[in-house]
Amino acid sequence: MKEIEINEKNLSLFVDNLRLEDKKELYYFYRKNYKKKFIQIALCTKNTYFLADKNNNPAAIGGVVTLRRGREKLGQVWLLCAKNAYQNKIFLYKYIKNKIEIFKKNYDVLFNSIYKSNFEALTWLRRCGFEVLNLADKNFKVFYYNKGDNNIDLRYITGE
């Protein structure tokens with residue numbers, strides 16, 4: 001796998017080949033406009049990596065969005081995968097784990113919510129050092145990593 005340019009053509013191809021689990025998650029948030037909305041967001045999101053397989057087929061995109069909460073630097077980590085990502089899952093896991101380790105050094109807290117179609121990803125997120133919170137809304141769970149003894153009110157992250 002290799003990093004590729006984040007452009008409209010690559011993003012469109014990527015969304016057309018999303019894993020069903022990730023497509024459901026995007027659809028939940030953006031409904032019928034999920035492809036257009038995701039492309040718009042991805043084109044202007046910093047701290048993003050975009051990976052393709054050996055045939056230049058987009059396979060995964062992810063990154064971190066920086067948020068400030070007082071003195072703490074929070075990072076909202078995210079990842080979406082295409083169907084062909086499974087063919088390179090060992091490389092992908094190692095690559096993402098390395099990215100997460102870098103993010104852990106640069107942020108006080110890493111977090112995001114995960115939609116029910118992707119709950120199985122919580123297994124490897126735990127292996128990457130994330131804690132998991134159940135929410136009142138059973139469609140979502142929150143995963144987070146808190147560096148050190150930061151006193152972060154998790155209600156900010158969970159919305160509860």
# chains A, B, ... in the order shown; residues from 1 in each chain; ligands from 1
>>> select_by_dssp(residues="stretch 27-117 of chain A", states="strand (DSSP E)", output="ChimeraX atom specification")
/A:48-52,58-69,72-81,109-115
>>> closest_atom_pairs(of="stretch 106-131 of chain A", to="stretch 59-70 of chain A", cutoff="12 Å", atoms="only C-alpha atoms", output="Markdown table")
| residue | atom | partner | partner_atom | distance |
| --- | --- | --- | --- | --- |
| A:Asn106 | CA | A:Thr66 | CA | 10.0 |
| A:Tyr107 | CA | A:Thr66 | CA | 8.4 |
| A:Asp108 | CA | A:Arg68 | CA | 9.9 |
| A:Val109 | CA | A:Leu67 | CA | 9.7 |
| A:Leu110 | CA | A:Val64 | CA | 8.5 |
| A:Phe111 | CA | A:Val64 | CA | 9.3 |
| A:Asn112 | CA | A:Val64 | CA | 9.8 |
>>> select_by_dssp(residues="chain A", states="helix (DSSP H, G or I)", output="VMD selection string")
chain A and resid 8 to 16 20 to 43 83 to 106 116 to 127 154 to 158
>>> atom_distance(atom1="atom CA of A:Leu80", atom2="atom CA of A:Leu26")
9.4 Å
>>> closest_residue(among="A:Lys73, A:Lys116, A:Lys89, A:Lys9", to="A:Ile39", atoms="only C-alpha atoms")
A:Lys9
>>> closest_residue(among="A:Phe50, A:Tyr95, A:Tyr86, A:Tyr34", to="A:Arg19", atoms="only C-alpha atoms")
A:Tyr86
>>> closest_atom_pairs(of="stretch 22-92 of chain A", to="stretch 132-141 of chain A", cutoff="12 Å", atoms="only C-alpha atoms", output="CSV")
residue,atom,partner,partner_atom,distance
A:Lys24,CA,A:Asn139,CA,11.6
A:Glu25,CA,A:Asn139,CA,10.1
A:Tyr28,CA,A:Asn139,CA,10.1
>>> closest_residue(among="A:Thr123, A:Asn7, A:Asn98, A:Asn57", to="A:Asn84", atoms="only C-alpha atoms")
A:Asn57
>>> atom_distance(atom1="atom CA of A:Asn55", atom2="atom CA of A:Leu92")
15.5 Å
>>> closest_residue(among="A:Lys104, A:Arg126, A:Lys46, A:Lys35", to="A:Leu13", atoms="only C-alpha atoms")
A:Lys35
>>> atom_distance(atom1="atom CA of A:Lys97", atom2="atom CA of A:Phe130")
11.4 Å
>>> residues_around(residues="A:Asn118", least_positions_apart="2", cutoff="9 Å", atoms="only C-alpha atoms", output="list in words")
Glu21, Asp22, Glu25, Ile114, Tyr115, Lys116, Glu120, Ala121 and Leu122 of chain A
>>> residues_around(residues="A:Lys54", least_positions_apart="3", cutoff="12 Å", atoms="only C-alpha atoms", output="PDB file with N, CA and C atoms, in the first residue's frame")
ATOM      1  N   MET A   1       0.845  -1.175   0.000  1.00  0.00           N
ATOM      2  CA  MET A   1       0.000   0.000   0.000  1.00  0.00           C
ATOM      3  C   MET A   1       0.888   1.235   0.000  1.00  0.00           C
ATOM      4  N   LYS A   2       0.287   2.330  -0.474  1.00  0.00           N
ATOM      5  CA  LYS A   2       1.029   3.585  -0.552  1.00  0.00           C
ATOM      6  C   LYS A   2       0.064   4.746  -0.369  1.00  0.00           C
ATOM      7  N   GLU A   3       0.621   5.881   0.044  1.00  0.00           N
ATOM      8  CA  GLU A   3      -0.200   7.078   0.187  1.00  0.00           C
ATOM      9  C   GLU A   3      -0.487   7.667  -1.184  1.00  0.00           C
ATOM     10  N   ILE A   4      -1.707   8.176  -1.341  1.00  0.00           N
ATOM     11  CA  ILE A   4      -2.100   8.791  -2.603  1.00  0.00           C
ATOM     12  C   ILE A   4      -2.660  10.184  -2.349  1.00  0.00           C
ATOM     13  N   LEU A  51      -4.713   6.011   1.620  1.00  0.00           N
ATOM     14  CA  LEU A  51      -3.924   4.866   1.163  1.00  0.00           C
ATOM     15  C   LEU A  51      -4.588   4.152  -0.004  1.00  0.00           C
ATOM     16  N   ASN A  57      -5.851   1.618  -6.319  1.00  0.00           N
ATOM     17  CA  ASN A  57      -7.250   1.662  -5.917  1.00  0.00           C
ATOM     18  C   ASN A  57      -7.324   2.157  -4.471  1.00  0.00           C
ATOM     19  N   PRO A  58      -8.015   3.275  -4.228  1.00  0.00           N
ATOM     20  CA  PRO A  58      -8.108   3.790  -2.852  1.00  0.00           C
ATOM     21  C   PRO A  58      -8.648   2.727  -1.897  1.00  0.00           C
ATOM     22  N   ALA A  59      -7.965   2.577  -0.753  1.00  0.00           N
ATOM     23  CA  ALA A  59      -8.323   1.521   0.185  1.00  0.00           C
ATOM     24  C   ALA A  59      -8.740   2.032   1.557  1.00  0.00           C
ATOM     25  N   ASN A  84     -11.530  -3.273  -0.600  1.00  0.00           N
ATOM     26  CA  ASN A  84     -10.226  -3.870  -0.876  1.00  0.00           C
ATOM     27  C   ASN A  84      -9.248  -3.723   0.289  1.00  0.00           C
ATOM     28  N   ALA A  85      -9.601  -3.011   1.340  1.00  0.00           N
ATOM     29  CA  ALA A  85      -8.713  -2.863   2.490  1.00  0.00           C
ATOM     30  C   ALA A  85      -8.469  -4.204   3.171  1.00  0.00           C
ATOM     31  N   GLN A  87      -7.819  -6.969   1.901  1.00  0.00           N
ATOM     32  CA  GLN A  87      -6.714  -7.678   1.252  1.00  0.00           C
ATOM     33  C   GLN A  87      -5.362  -7.267   1.821  1.00  0.00           C
ATOM     34  N   ASN A  88      -5.314  -6.113   2.467  1.00  0.00           N
ATOM     35  CA  ASN A  88      -4.070  -5.597   3.039  1.00  0.00           C
ATOM     36  C   ASN A  88      -4.234  -5.281   4.519  1.00  0.00           C
TER      37      ASN A  88
END
>>> closest_residue(among="A:Leu20, A:Cys128, A:Ile102, A:Leu11", to="A:Ala52", atoms="only C-alpha atoms")
A:Leu11
